[in-house]
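Pasting upload-v4.csv here (CSV, C-alpha atoms and all ligand atoms):
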chain,number,residue,atom,x,y,z
A,3,MET,CA,-7.7,-10.7,-8.2
A,4,VAL,CA,-9.5,-13.5,-6.3
A,5,ALA,CA,-7.8,-16.9,-6.3
A,6,LYS,CA,-9.6,-19.3,-8.6
A,7,SER,CA,-10.0,-22.4,-6.4
A,8,PRO,CA,-9.5,-22.4,-2.6
A,9,PRO,CA,-6.2,-24.0,-1.6
A,10,PRO,CA,-6.3,-26.9,0.9
A,11,ILE,CA,-6.5,-25.9,4.6
A,12,ASN,CA,-3.0,-27.2,5.2
A,13,GLN,CA,-1.6,-24.4,3.0
A,14,ALA,CA,-2.0,-21.8,5.7
A,15,TYR,CA,1.5,-20.6,4.8
A,16,LEU,CA,0.3,-19.0,1.6
A,17,PHE,CA,-0.1,-15.9,3.7
A,18,SER,CA,1.6,-15.5,7.1
A,19,VAL,CA,2.1,-12.8,9.7
A,20,ALA,CA,5.8,-12.6,10.6
A,21,PRO,CA,7.4,-13.2,13.9
A,22,MET,CA,8.1,-9.8,15.5
A,23,MET,CA,9.5,-9.3,19.0
A,24,ASP,CA,7.3,-7.2,21.2
A,25,CYS,CA,4.5,-7.2,18.6
A,26,THR,CA,3.2,-10.6,17.7
A,27,ASP,CA,2.4,-11.8,21.2
A,28,LYS,CA,-0.7,-13.9,21.9
A,29,HIS,CA,-2.9,-10.8,22.3
A,30,PHE,CA,-2.0,-9.4,18.9
A,31,ARG,CA,-2.5,-12.8,17.3
A,32,VAL,CA,-6.0,-13.0,18.7
A,33,LEU,CA,-6.6,-9.6,17.2
A,34,MET,CA,-5.2,-10.7,13.8
A,35,ARG,CA,-7.5,-13.8,14.0
A,36,GLN,CA,-10.5,-11.5,14.0
A,37,ILE,CA,-9.3,-10.4,10.6
A,38,SER,CA,-8.1,-13.6,9.0
A,39,ARG,CA,-9.2,-17.1,9.9
A,40,ARG,CA,-6.7,-18.7,7.5
A,41,ALA,CA,-3.4,-16.8,7.9
A,42,LEU,CA,-0.5,-18.7,9.5
A,43,LEU,CA,0.5,-16.6,12.6
A,44,TYR,CA,4.0,-16.7,14.1
A,45,THR,CA,4.9,-16.1,17.7
A,46,GLU,CA,7.7,-13.8,18.7
A,47,MET,CA,11.1,-15.6,18.8
A,48,VAL,CA,11.4,-17.8,21.8
A,49,VAL,CA,15.1,-18.5,22.8
A,50,ALA,CA,15.4,-22.3,23.2
A,51,LYS,CA,17.8,-22.0,26.2
A,52,ALA,CA,15.4,-19.7,28.1
A,53,LEU,CA,12.5,-22.0,27.3
A,54,ILE,CA,14.2,-25.2,28.4
A,55,HIS,CA,15.7,-23.8,31.6
A,56,ASN,CA,12.6,-21.9,32.8
A,57,PRO,CA,10.1,-24.1,34.8
A,58,ASN,CA,7.2,-21.8,33.6
A,59,LYS,CA,6.9,-23.1,30.1
A,60,GLY,CA,3.4,-21.7,29.7
A,61,TYR,CA,4.9,-18.2,30.0
A,62,PHE,CA,6.5,-18.8,26.6
A,63,LEU,CA,4.2,-21.2,25.0
A,64,ASP,CA,0.6,-20.7,26.0
A,65,PHE,CA,-1.8,-19.6,23.3
A,66,SER,CA,-5.6,-19.7,22.7
A,67,PRO,CA,-6.9,-22.4,20.4
A,68,ILE,CA,-8.3,-19.7,18.1
A,69,GLU,CA,-4.8,-18.6,17.2
A,70,SER,CA,-4.2,-21.8,15.2
A,71,PRO,CA,-2.7,-22.3,12.6
A,72,ILE,CA,0.3,-21.1,14.5
A,73,ALA,CA,4.0,-21.5,14.2
A,74,LEU,CA,6.4,-21.2,17.2
A,75,GLN,CA,9.6,-19.4,16.2
A,76,ILE,CA,12.7,-20.6,18.1
A,77,GLY,CA,16.1,-19.1,18.3
A,78,GLY,CA,19.2,-21.1,19.3
A,79,ASP,CA,22.2,-23.0,18.1
A,80,ASP,CA,22.2,-26.0,20.4
A,81,PRO,CA,20.7,-29.1,18.6
A,82,LYS,CA,19.7,-30.7,21.9
A,83,LEU,CA,18.0,-27.7,23.3
A,84,LEU,CA,16.3,-27.0,19.9
A,85,SER,CA,15.0,-30.6,19.7
A,86,GLU,CA,13.6,-30.3,23.2
A,87,ALA,CA,11.9,-27.1,22.3
A,88,VAL,CA,10.3,-28.8,19.3
A,89,LYS,CA,9.0,-31.6,21.5
A,90,LEU,CA,7.4,-29.0,23.8
A,91,ALA,CA,5.9,-27.2,20.8
A,92,GLU,CA,4.3,-30.4,19.8
A,93,GLU,CA,2.9,-31.0,23.3
A,94,TRP,CA,1.5,-27.5,23.4
A,95,GLY,CA,-0.3,-28.0,20.1
A,96,TYR,CA,1.7,-25.8,17.8
A,97,ASP,CA,1.2,-26.5,14.1
A,98,GLU,CA,4.9,-26.0,13.2
A,99,VAL,CA,8.2,-24.7,14.4
A,100,ASN,CA,10.4,-22.2,12.7
A,101,LEU,CA,14.1,-21.7,13.3
A,102,ASN,CA,15.3,-18.1,13.3
A,103,ILE,CA,18.4,-17.6,11.1
A,104,GLY,CA,17.6,-14.0,10.3
A,105,CYS,CA,17.9,-11.9,13.5
A,106,PRO,CA,20.9,-9.6,13.3
A,107,SER,CA,20.8,-8.2,16.8
A,108,PRO,CA,24.2,-8.0,18.7
A,109,LYS,CA,22.7,-9.9,21.6
A,110,VAL,CA,21.6,-12.7,19.4
A,111,LYS,CA,24.9,-12.7,17.5
A,112,ALA,CA,26.7,-12.9,20.9
A,113,GLY,CA,24.7,-16.1,21.5
A,114,ASN,CA,25.9,-17.5,18.1
A,115,PHE,CA,22.4,-17.8,16.7
A,116,GLY,CA,20.1,-15.8,14.5
A,117,ALA,CA,21.6,-14.5,11.2
A,118,SER,CA,25.1,-15.3,12.2
A,119,LEU,CA,24.2,-19.0,11.6
A,120,MET,CA,24.0,-18.3,7.9
A,121,ALA,CA,27.8,-18.6,7.9
A,122,LYS,CA,27.5,-22.2,9.3
A,123,PRO,CA,25.2,-24.3,7.1
A,124,ASP,CA,26.7,-27.5,8.4
A,125,HIS,CA,25.7,-26.5,11.9
A,126,VAL,CA,22.2,-25.4,10.9
A,127,ALA,CA,21.8,-28.7,9.2
A,128,ARG,CA,22.7,-30.5,12.5
A,129,CYS,CA,20.2,-28.3,14.3
A,130,ILE,CA,17.4,-29.1,11.8
A,131,GLU,CA,18.2,-32.8,11.9
A,132,ALA,CA,17.9,-32.8,15.7
A,133,MET,CA,14.7,-30.8,15.5
A,134,THR,CA,13.0,-33.1,12.9
A,135,SER,CA,14.1,-36.3,14.6
A,136,ARG,CA,12.2,-35.4,17.8
A,137,SER,CA,8.7,-34.9,16.5
A,138,THR,CA,6.5,-35.0,13.4
A,139,LEU,CA,5.9,-31.2,13.4
A,140,PRO,CA,7.0,-29.5,10.2
A,141,VAL,CA,10.3,-27.5,10.9
A,142,THR,CA,10.9,-24.5,8.7
A,143,VAL,CA,13.6,-21.9,8.5
A,144,LYS,CA,13.5,-18.1,8.3
A,145,HIS,CA,16.6,-16.5,7.0
A,146,ARG,CA,18.3,-13.7,5.0
A,147,LEU,CA,19.8,-13.7,1.5
A,148,GLY,CA,23.2,-13.5,3.2
A,149,ILE,CA,25.3,-11.8,5.8
A,150,ASP,CA,28.2,-9.4,5.5
A,151,ASN,CA,30.4,-10.6,2.7
A,152,LEU,CA,28.9,-14.1,2.6
A,153,ASP,CA,26.3,-12.9,0.2
A,154,THR,CA,26.4,-14.7,-3.2
A,155,ASP,CA,23.7,-16.8,-4.9
A,156,GLU,CA,26.0,-19.8,-4.7
A,157,LEU,CA,26.3,-19.5,-0.9
A,158,LEU,CA,22.5,-19.1,-0.6
A,159,LEU,CA,21.9,-22.1,-2.7
A,160,LYS,CA,24.4,-24.1,-0.7
A,161,PHE,CA,22.8,-23.1,2.6
A,162,VAL,CA,19.3,-24.0,1.4
A,163,ASP,CA,20.4,-27.3,-0.1
A,164,GLN,CA,22.2,-28.4,3.0
A,165,VAL,CA,19.3,-27.5,5.3
A,166,ALA,CA,16.7,-29.0,3.0
A,167,SER,CA,18.6,-32.2,2.8
A,168,VAL,CA,17.9,-32.9,6.5
A,169,GLY,CA,14.2,-32.2,6.4
A,170,ALA,CA,13.5,-28.5,6.6
A,171,LYS,CA,10.0,-28.2,5.1
A,172,ARG,CA,10.0,-24.6,3.9
A,173,PHE,CA,12.2,-21.5,3.7
A,174,VAL,CA,11.0,-18.0,4.5
A,175,ILE,CA,13.4,-15.6,3.0
A,176,HIS,CA,13.6,-12.0,4.2
A,177,ALA,CA,14.8,-10.7,0.8
A,178,ARG,CA,17.7,-8.6,1.9
A,179,LYS,CA,21.1,-9.4,3.4
A,180,ALA,CA,22.1,-8.4,6.9
A,181,TRP,CA,25.2,-6.5,7.9
A,182,LEU,CA,26.1,-7.9,11.3
A,183,GLU,CA,28.8,-5.2,11.7
A,184,GLY,CA,27.8,-1.6,11.4
A,185,LEU,CA,24.0,-1.7,11.2
A,186,ASN,CA,21.6,-2.0,14.1
A,187,PRO,CA,18.6,-4.4,13.8
A,188,LYS,CA,16.3,-1.6,12.7
A,189,GLN,CA,18.7,-0.4,10.0
A,190,ASN,CA,19.0,-4.1,9.0
A,191,ARG,CA,15.3,-4.0,8.1
A,192,THR,CA,15.6,-1.0,5.9
A,193,VAL,CA,19.1,-0.2,4.7
A,194,PRO,CA,20.2,-3.3,2.7
A,195,PRO,CA,18.0,-3.2,-0.4
A,196,LEU,CA,15.3,-5.7,-1.0
A,197,GLN,CA,16.3,-8.2,-3.8
A,198,TYR,CA,13.3,-10.2,-4.7
A,199,GLU,CA,15.0,-11.3,-8.0
A,200,ARG,CA,17.6,-13.3,-6.0
A,201,VAL,CA,14.8,-15.2,-4.2
A,202,ALA,CA,13.2,-15.8,-7.6
A,203,ILE,CA,16.5,-17.2,-8.9
A,204,LEU,CA,16.6,-19.6,-5.9
A,205,LYS,CA,13.0,-20.7,-6.5
A,206,LYS,CA,13.9,-21.3,-10.2
A,207,GLU,CA,16.9,-23.3,-9.3
A,208,ARG,CA,15.1,-25.4,-6.8
A,209,PRO,CA,11.5,-25.6,-8.0
A,210,HIS,CA,10.8,-28.6,-5.7
A,211,LEU,CA,11.5,-26.6,-2.5
A,212,LYS,CA,8.9,-24.4,-0.8
A,213,ILE,CA,10.2,-20.9,-0.8
A,214,GLU,CA,8.3,-18.0,0.8
A,215,LEU,CA,9.0,-14.3,0.2
A,216,ASN,CA,9.2,-11.8,3.0
A,217,GLY,CA,10.2,-8.1,3.2
A,218,GLY,CA,8.3,-5.0,1.9
A,219,LEU,CA,5.1,-6.7,1.0
A,220,ASN,CA,2.8,-3.9,2.1
A,221,TYR,CA,-0.6,-4.6,0.5
A,222,PRO,CA,-2.7,-7.7,-0.1
A,223,ASN,CA,-2.1,-7.4,-3.8
A,224,ASP,CA,1.7,-7.5,-3.2
A,225,CYS,CA,1.2,-10.9,-1.6
A,226,PHE,CA,-1.2,-12.1,-4.4
A,227,LYS,CA,1.5,-11.2,-7.0
A,228,ALA,CA,4.3,-12.8,-4.9
A,229,LEU,CA,2.3,-16.1,-5.1
A,230,GLU,CA,2.8,-16.1,-8.9
A,231,THR,CA,6.5,-16.9,-8.2
A,232,PHE,CA,6.7,-18.1,-4.6
A,233,ASP,CA,5.0,-20.6,-2.4
A,234,GLY,CA,4.1,-18.1,0.4
A,235,ALA,CA,4.0,-14.4,1.3
A,236,MET,CA,5.0,-13.3,4.8
A,237,VAL,CA,4.1,-9.8,6.0
A,238,GLY,CA,5.5,-8.1,9.1
A,239,ARG,CA,5.3,-4.4,9.8
A,240,ALA,CA,2.4,-3.7,7.4
A,241,ALA,CA,0.3,-6.3,9.3
A,242,TYR,CA,1.2,-4.9,12.7
A,243,SER,CA,0.8,-1.2,11.8
A,244,HIS,CA,-2.3,-1.6,9.6
A,245,PRO,CA,-4.2,-4.8,10.7
A,246,LEU,CA,-7.5,-3.8,8.9
A,247,ARG,CA,-5.7,-3.4,5.6
A,248,TRP,CA,-5.7,-7.2,5.5
A,249,GLN,CA,-9.4,-7.7,6.0
A,250,GLN,CA,-10.0,-9.3,2.6
A,251,ILE,CA,-6.9,-11.5,2.7
A,252,ASP,CA,-8.8,-14.7,3.2
A,253,GLU,CA,-10.8,-14.0,0.0
A,254,ILE,CA,-7.8,-12.8,-2.0
A,255,ILE,CA,-5.4,-15.5,-1.0
A,256,TYR,CA,-7.5,-18.5,0.0
A,257,GLY,CA,-10.5,-17.9,-2.1
A,258,GLU,CA,-12.8,-17.8,0.9
A,259,LYS,CA,-15.8,-15.6,1.3
A,260,THR,CA,-14.9,-13.1,4.1
A,261,GLN,CA,-17.3,-11.5,6.6
A,262,PHE,CA,-17.4,-7.8,6.8
A,263,ILE,CA,-15.2,-6.6,9.7
A,264,ASN,CA,-14.4,-3.2,11.0
A,265,ALA,CA,-12.5,-1.7,13.9
A,266,SER,CA,-15.4,-1.9,16.4
A,267,LYS,CA,-16.1,-5.5,15.5
A,268,VAL,CA,-12.5,-6.5,16.0
A,269,ILE,CA,-12.6,-4.8,19.4
A,270,ARG,CA,-15.8,-6.6,20.3
A,271,GLY,CA,-14.1,-9.9,19.3
A,272,LEU,CA,-11.3,-9.2,21.7
A,273,ILE,CA,-13.4,-8.6,24.7
A,274,PRO,CA,-13.9,-12.2,25.8
A,275,HIS,CA,-10.2,-12.9,25.5
A,276,ALA,CA,-9.3,-9.7,27.3
A,277,GLN,CA,-11.8,-10.6,30.1
A,278,LYS,CA,-10.2,-14.0,30.5
A,279,HIS,CA,-6.7,-12.4,30.6
A,280,ILE,CA,-7.9,-9.9,33.2
A,281,ASP,CA,-9.4,-12.7,35.3
A,282,GLU,CA,-6.1,-14.4,35.2
A,283,GLY,CA,-4.3,-11.3,36.5
A,284,GLY,CA,-3.4,-9.7,33.2
A,285,LYS,CA,-3.9,-6.0,32.2
A,286,VAL,CA,-6.4,-4.6,29.6
A,287,TRP,CA,-3.4,-2.6,28.2
A,288,ASP,CA,-1.9,-5.8,26.9
A,289,PHE,CA,-4.8,-5.8,24.3
A,290,CYS,CA,-5.3,-2.1,24.0
A,291,ARG,CA,-1.7,-1.4,22.9
A,292,HIS,CA,-2.3,-3.5,19.8
A,293,ALA,CA,-5.9,-2.3,19.2
A,294,LEU,CA,-4.5,1.3,18.8
A,295,GLN,CA,-3.4,0.3,15.3
A,296,LEU,CA,-7.0,-0.4,14.3
A,297,VAL,CA,-8.0,3.2,13.7
A,298,GLU,CA,-6.1,5.4,11.3
A,299,GLY,CA,-6.6,7.9,8.5
A,300,VAL,CA,-10.1,9.1,9.7
A,301,PRO,CA,-11.0,12.3,11.5
A,302,GLY,CA,-10.6,11.9,15.3
A,303,ALA,CA,-8.4,8.8,15.0
A,304,ARG,CA,-5.6,10.5,16.9
A,305,LEU,CA,-7.9,11.6,19.8
A,306,TRP,CA,-9.4,8.1,20.0
A,307,ARG,CA,-6.0,6.5,20.3
A,308,LYS,CA,-4.9,9.1,22.9
A,309,ASN,CA,-8.1,8.4,25.0
A,310,LEU,CA,-7.7,4.6,24.7
A,311,CYS,CA,-4.1,4.9,25.7
A,312,SER,CA,-4.8,6.9,28.8
A,313,ALA,CA,-7.9,5.0,29.8
A,314,ALA,CA,-6.2,1.6,29.5
A,315,GLN,CA,-3.4,2.7,31.9
A,316,GLN,CA,-5.7,3.9,34.7
A,317,LYS,CA,-6.3,1.6,37.6
A,318,ASN,CA,-9.6,-0.4,37.9
A,319,LYS,CA,-10.8,0.4,34.4
A,320,GLU,CA,-10.4,-3.1,33.1
A,321,ILE,CA,-12.8,-4.4,30.4
A,322,ASN,CA,-14.9,-1.2,30.4
A,323,VAL,CA,-12.1,0.5,28.5
A,324,LEU,CA,-12.5,-1.8,25.5
A,325,GLU,CA,-16.3,-1.7,25.7
A,326,ALA,CA,-16.2,2.1,25.6
A,327,ALA,CA,-13.7,2.2,22.8
A,328,ALA,CA,-15.9,-0.1,20.7
A,329,ARG,CA,-19.0,2.0,21.4
A,330,GLN,CA,-17.2,5.2,20.3
A,331,LEU,CA,-16.2,3.5,17.1
A,332,GLU,CA,-19.7,2.2,16.5
A,333,ASP,CA,-21.1,5.7,17.0
A,334,ALA,CA,-18.7,6.9,14.4
A,335,GLY,CA,-19.7,4.1,12.0
A,336,LEU,CA,-16.3,2.5,12.2
B,401,LIG,C1,9.7,-5.0,15.8
B,401,LIG,C2,10.2,-6.2,15.0
B,401,LIG,C3,10.5,-7.3,15.6
B,401,LIG,C4,11.0,-8.4,14.8
B,401,LIG,N1,11.2,-9.6,15.5
B,401,LIG,C5,11.6,-10.7,14.7
B,401,LIG,C6,11.7,-12.0,15.3
B,401,LIG,O1,11.4,-12.2,16.5
B,401,LIG,N2,12.0,-13.0,14.5
B,401,LIG,C7,12.2,-12.9,13.2
B,401,LIG,O2,12.5,-13.9,12.5
B,401,LIG,N3,12.1,-11.7,12.6
B,401,LIG,C8,11.7,-10.6,13.3
B,401,LIG,N4,11.5,-9.4,12.7
B,401,LIG,C9,11.7,-9.3,11.2
B,401,LIG,C10,10.3,-9.6,10.6
B,401,LIG,O3,9.8,-10.9,10.9
B,401,LIG,C11,10.4,-9.4,9.1
B,401,LIG,O4,11.3,-10.4,8.6
B,401,LIG,C12,10.9,-8.0,8.7
B,401,LIG,O5,10.2,-7.0,9.4
B,401,LIG,C13,10.6,-7.8,7.1
B,401,LIG,O6,9.3,-8.0,6.8
B,401,LIG,P1,8.3,-6.7,6.6
B,401,LIG,O7,9.0,-5.8,5.6
B,401,LIG,O8,7.0,-7.3,6.0
B,401,LIG,O9,8.2,-6.0,7.9
B,401,LIG,C14,11.1,-8.3,13.4
B,401,LIG,C15,10.7,-7.1,12.8
B,401,LIG,C16,10.3,-6.1,13.5
B,401,LIG,C17,9.8,-4.8,12.8
Will you turn the file into structure tokens for me?
Amino acid sequence: MVAKSPPPINQAYLFSVAPMMDCTDKHFRVLMRQISRRALLYTEMVVAKALIHNPNKGYFLDFSPIESPIALQIGGDDPKLLSEAVKLAEEWGYDEVNLNIGCPSPKVKAGNFGASLMAKPDHVARCIEAMTSRSTLPVTVKHRLGIDNLDTDELLLKFVDQVASVGAKRFVIHARKAWLEGLNPKQNRTVPPLQYERVAILKKERPHLKIELNGGLNYPNDCFKALETFDGAMVGRAAYSHPLRWQQIDEIIYGEKTQFINASKVIRGLIPHAQKHIDEGGKVWDFCRHALQLVEGVPGARLWRKNLCSAAQQKNKEINVLEAAARQLEDAGL
């Protein structure tokens, strides 16, 4: 199962952790970094308009150097604002920028961006052109197979061709369509069936393009298998809900020897970052809420999560909460 020869360092995208609103913030990314040194980590989607018009850019863009390789995901449909966002991403030290063409939420649709842009490949091409003209950062696109009744292989090919022709470097395809009318965002991640075969057809038709698979890859071996056909494997919910499931991913995907890691070691690794965050006025809960997912399927897991939850929300507990949580796990051999 182990890759034969390690891929070059710039191929972080072989395995990536998907952009997920309210999940993949900088604290979760630091947690995921304790588990994989090599994975490409995505931010939550940052709306270009909000970023450009807000004087506090750091609120959206700050990250710790250990999070790299890291991709900033941007949402928007205004080429000028998008290109300014790419410039900022470059200044902040991001490794690449991804344009969101997959979000089906009504709010995003009302702003004319996200998945609704799949109906406008010309306009997406103008956006990508503006984004690539402004910096040397790779610009990639994350999208669906189609939307509503615009859902044929021909339209998908046309979309990808047009966007590739202006410099999009890679395409991450959430392998299901989105219904913009009638399904909410959560249903749009489960109800339309996954159709990996359609992504495979696209890759076969356009072997020179970098095509990554996303959707329903739940175990490291799913990703390993996906790489037989595709250029990258992106994992969302299974990474967030089961972070330790991915502890051998660097070995499986990148052919690198991995160090043994368990839940208590991950928490110990978080402590210096949490301390810095607290010193800057943040809350320990911002780390603890993600750390809750580290312990599952063992006796006492539920109690440990309950205790961590309540301790992290009490006043003046701060870093001791994480230290105590790590100690309890160490005592239990976890
Ligand atoms: C809570 C949540 C938030 C998400 N937010 C985003 C987002 O900000 N940008 C995006 O492109 N996709 C977003 N997605 C979709 C995921 O990136 C991914 O495409 C989807 O969950 C399918 O992959 P999975 O089956 O591995 O979870 C979100 C998914 C979830 C569950």
Step by step, measure atom-to-atom distances between ligand LIG 401 (chain B) and each residue using all atoms listed in the file, keep those at most 7 Å, then write them as number ranges by chain. A: 20-25, 46-47, 102, 104-105, 144, 176, 191, 216-220, 236-240
Just how far from atom CA of Ile175 of chain A is atom CA of Tyr15 of chain A, in Å to one decimal? 13.0 Å
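Residues in contact range of Asn318 of chain A, defined as at most 12 Å between all atoms listed in the file, with sequence neighbours fewer than 6 positions away removed, read Ile280, Lys285, Val286 and Trp287 of chain A.
The interatomic distance for the pair atom CA of Tyr198 of chain A and atom CA of Asp124 of chain A works out to 25.5 Å.
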List the neighbours of Phe289 of chain A out to 8 Å using all atoms listed in the file; skip same-chain residues closer than 4 positions along the sequence, and give me the result as a ChimeraX atom specification. /A:29-30,272,276,285,293
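Every protein or nucleic acid residue with an atom no more than 12 Å from Gln330 of chain A, counting all atoms listed in the file and leaving out same-chain residues fewer than 2 positions away, appears here: A:Ala265, A:Ser266, A:Lys267, A:Ile269, A:Arg270, A:Val297, A:Gly302, A:Ala303, A:Leu305, A:Trp306, A:Arg307, A:Asn309, A:Leu310, A:Val323, A:Leu324, A:Glu325, A:Ala326, A:Ala327, A:Ala328, A:Glu332, A:Asp333, A:Ala334, A:Gly335, A:Leu336.
As for atom CA of Ser243 of chain A and atom CA of Leu33 of chain A, they are spaced 12.4 Å apart.
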So that I can check the surroundings of Ala170 of chain A, please list as a PyMOL selection string every protein, DNA and RNA residue that reaches within 10 Å of it, counting only C-alpha atoms and ignoring chain neighbours fewer than 6 positions away. chain A and resi 100-101+127+130-131+133-134+140-143+162-164+211-212
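When all atoms listed in the file are used to measure the gap to Trp181 of chain A, the shortest distance among A:Ala235, A:Ala166, A:Met120, A:Leu229 belongs to A:Met120.
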Using all atoms listed in the file, which protein or nucleic acid residues come within 9 Å of Val201 of chain A? Drop anything in the same chain fewer than 6 positions from it, and give the result as an mmCIF file with C-alpha atoms, in the frame of the given file.
data_model
loop_
_atom_site.group_PDB
_atom_site.id
_atom_site.type_symbol
_atom_site.label_atom_id
_atom_site.label_comp_id
_atom_site.auth_asym_id
_atom_site.auth_seq_id
_atom_site.Cartn_x
_atom_site.Cartn_y
_atom_site.Cartn_z
ATOM 1 C CA LEU A 147 19.800 -13.700 1.500
ATOM 2 C CA ILE A 175 13.400 -15.600 3.000
ATOM 3 C CA ALA A 177 14.800 -10.700 0.800
ATOM 4 C CA ILE A 213 10.200 -20.900 -0.800
ATOM 5 C CA GLU A 214 8.300 -18.000 0.800
ATOM 6 C CA LEU A 215 9.000 -14.300 0.200
ATOM 7 C CA PHE A 232 6.700 -18.100 -4.600
#
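Nearest to Pro67 of chain A of all the residues A:Arg136, A:Gly257, A:Asp97, A:Arg304 is A:Asp97, based on all atoms listed in the file.
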Counting all atoms listed in the file, find residues at most 10 Å from (-6.3, -6.5, 2.6) (file frame) and give them as an MDAnalysis selection string. chainID A and resid 37:38 220:225 241 244:255
Can you write just those residues out, C-alpha atoms, as a PDB file, in the coordinates of the input?
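result_16.pdb, freshly written:
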ATOM      1  CA  ILE A  37      -9.300 -10.400  10.600  1.00  0.00           C
ATOM      2  CA  SER A  38      -8.100 -13.600   9.000  1.00  0.00           C
ATOM      3  CA  ASN A 220       2.800  -3.900   2.100  1.00  0.00           C
ATOM      4  CA  TYR A 221      -0.600  -4.600   0.500  1.00  0.00           C
ATOM      5  CA  PRO A 222      -2.700  -7.700  -0.100  1.00  0.00           C
ATOM      6  CA  ASN A 223      -2.100  -7.400  -3.800  1.00  0.00           C
ATOM      7  CA  ASP A 224       1.700  -7.500  -3.200  1.00  0.00           C
ATOM      8  CA  CYS A 225       1.200 -10.900  -1.600  1.00  0.00           C
ATOM      9  CA  ALA A 241       0.300  -6.300   9.300  1.00  0.00           C
ATOM     10  CA  HIS A 244      -2.300  -1.600   9.600  1.00  0.00           C
ATOM     11  CA  PRO A 245      -4.200  -4.800  10.700  1.00  0.00           C
ATOM     12  CA  LEU A 246      -7.500  -3.800   8.900  1.00  0.00           C
ATOM     13  CA  ARG A 247      -5.700  -3.400   5.600  1.00  0.00           C
ATOM     14  CA  TRP A 248      -5.700  -7.200   5.500  1.00  0.00           C
ATOM     15  CA  GLN A 249      -9.400  -7.700   6.000  1.00  0.00           C
ATOM     16  CA  GLN A 250     -10.000  -9.300   2.600  1.00  0.00           C
ATOM     17  CA  ILE A 251      -6.900 -11.500   2.700  1.00  0.00           C
ATOM     18  CA  ASP A 252      -8.800 -14.700   3.200  1.00  0.00           C
ATOM     19  CA  GLU A 253     -10.800 -14.000   0.000  1.00  0.00           C
ATOM     20  CA  ILE A 254      -7.800 -12.800  -2.000  1.00  0.00           C
ATOM     21  CA  ILE A 255      -5.400 -15.500  -1.000  1.00  0.00           C
TER      22      ILE A 255
END
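Comparing the minimum interatomic distances between Asn264 of chain A and each of A:His210, A:Ala112, A:Gln189, A:Leu296, counting only C-alpha atoms, we find that A:Leu296 sits nearest.
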Find, counting only C-alpha atoms, the residue in A:Ala87, A:Tyr242, A:Ser167, A:Arg178 that gets nearest to Asn56 of chain A. A:Ala87
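Distance check against Lys160 of chain A using all atoms listed in the file: of A:Glu199, A:Asp288, A:Glu207, A:Glu183, the minimum falls on A:Glu207.
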Neighbours of point (-1.6, -23.5, 12.3) within 10 Å, using all atoms listed in the file, written as number ranges by chain: A: 11-15, 40-44, 67-74, 95-98
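Considering the residues A:Arg172, A:Met34, A:Ser312, A:Asn151 and counting all atoms listed in the file, Gln295 of chain A has its shortest atom-to-atom contact with A:Met34.
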How about completing segment 120-131 of chain A with N, CA and C atoms and giving it to me as a PDB file, in the coordinates of the input?
ATOM      1  N   MET A 120      23.959 -18.138   9.339  1.00  0.00           N
ATOM      2  CA  MET A 120      24.000 -18.300   7.900  1.00  0.00           C
ATOM      3  C   MET A 120      25.435 -18.650   7.414  1.00  0.00           C
ATOM      4  N   ALA A 121      26.408 -18.318   8.260  1.00  0.00           N
ATOM      5  CA  ALA A 121      27.800 -18.600   7.900  1.00  0.00           C
ATOM      6  C   ALA A 121      28.117 -20.110   8.221  1.00  0.00           C
ATOM      7  N   LYS A 122      27.181 -20.818   8.854  1.00  0.00           N
ATOM      8  CA  LYS A 122      27.500 -22.200   9.300  1.00  0.00           C
ATOM      9  C   LYS A 122      26.370 -23.166   8.825  1.00  0.00           C
ATOM     10  N   PRO A 123      26.233 -23.364   7.520  1.00  0.00           N
ATOM     11  CA  PRO A 123      25.200 -24.300   7.100  1.00  0.00           C
ATOM     12  C   PRO A 123      25.269 -25.677   7.627  1.00  0.00           C
ATOM     13  N   ASP A 124      26.513 -26.151   7.848  1.00  0.00           N
ATOM     14  CA  ASP A 124      26.700 -27.500   8.400  1.00  0.00           C
ATOM     15  C   ASP A 124      26.001 -27.567   9.792  1.00  0.00           C
ATOM     16  N   HIS A 125      26.269 -26.530  10.567  1.00  0.00           N
ATOM     17  CA  HIS A 125      25.700 -26.500  11.900  1.00  0.00           C
ATOM     18  C   HIS A 125      24.194 -26.387  11.913  1.00  0.00           C
ATOM     19  N   VAL A 126      23.703 -25.529  11.015  1.00  0.00           N
ATOM     20  CA  VAL A 126      22.200 -25.400  10.900  1.00  0.00           C
ATOM     21  C   VAL A 126      21.624 -26.716  10.542  1.00  0.00           C
ATOM     22  N   ALA A 127      22.291 -27.426   9.633  1.00  0.00           N
ATOM     23  CA  ALA A 127      21.800 -28.700   9.200  1.00  0.00           C
ATOM     24  C   ALA A 127      21.713 -29.679  10.437  1.00  0.00           C
ATOM     25  N   ARG A 128      22.733 -29.630  11.275  1.00  0.00           N
ATOM     26  CA  ARG A 128      22.700 -30.500  12.500  1.00  0.00           C
ATOM     27  C   ARG A 128      21.532 -30.108  13.390  1.00  0.00           C
ATOM     28  N   CYS A 129      21.303 -28.807  13.499  1.00  0.00           N
ATOM     29  CA  CYS A 129      20.200 -28.300  14.300  1.00  0.00           C
ATOM     30  C   CYS A 129      18.852 -28.856  13.770  1.00  0.00           C
ATOM     31  N   ILE A 130      18.674 -28.686  12.448  1.00  0.00           N
ATOM     32  CA  ILE A 130      17.400 -29.100  11.800  1.00  0.00           C
ATOM     33  C   ILE A 130      17.217 -30.602  11.948  1.00  0.00           C
ATOM     34  N   GLU A 131      18.307 -31.320  11.782  1.00  0.00           N
ATOM     35  CA  GLU A 131      18.200 -32.800  11.900  1.00  0.00           C
ATOM     36  C   GLU A 131      17.744 -33.172  13.291  1.00  0.00           C
TER      37      GLU A 131
END
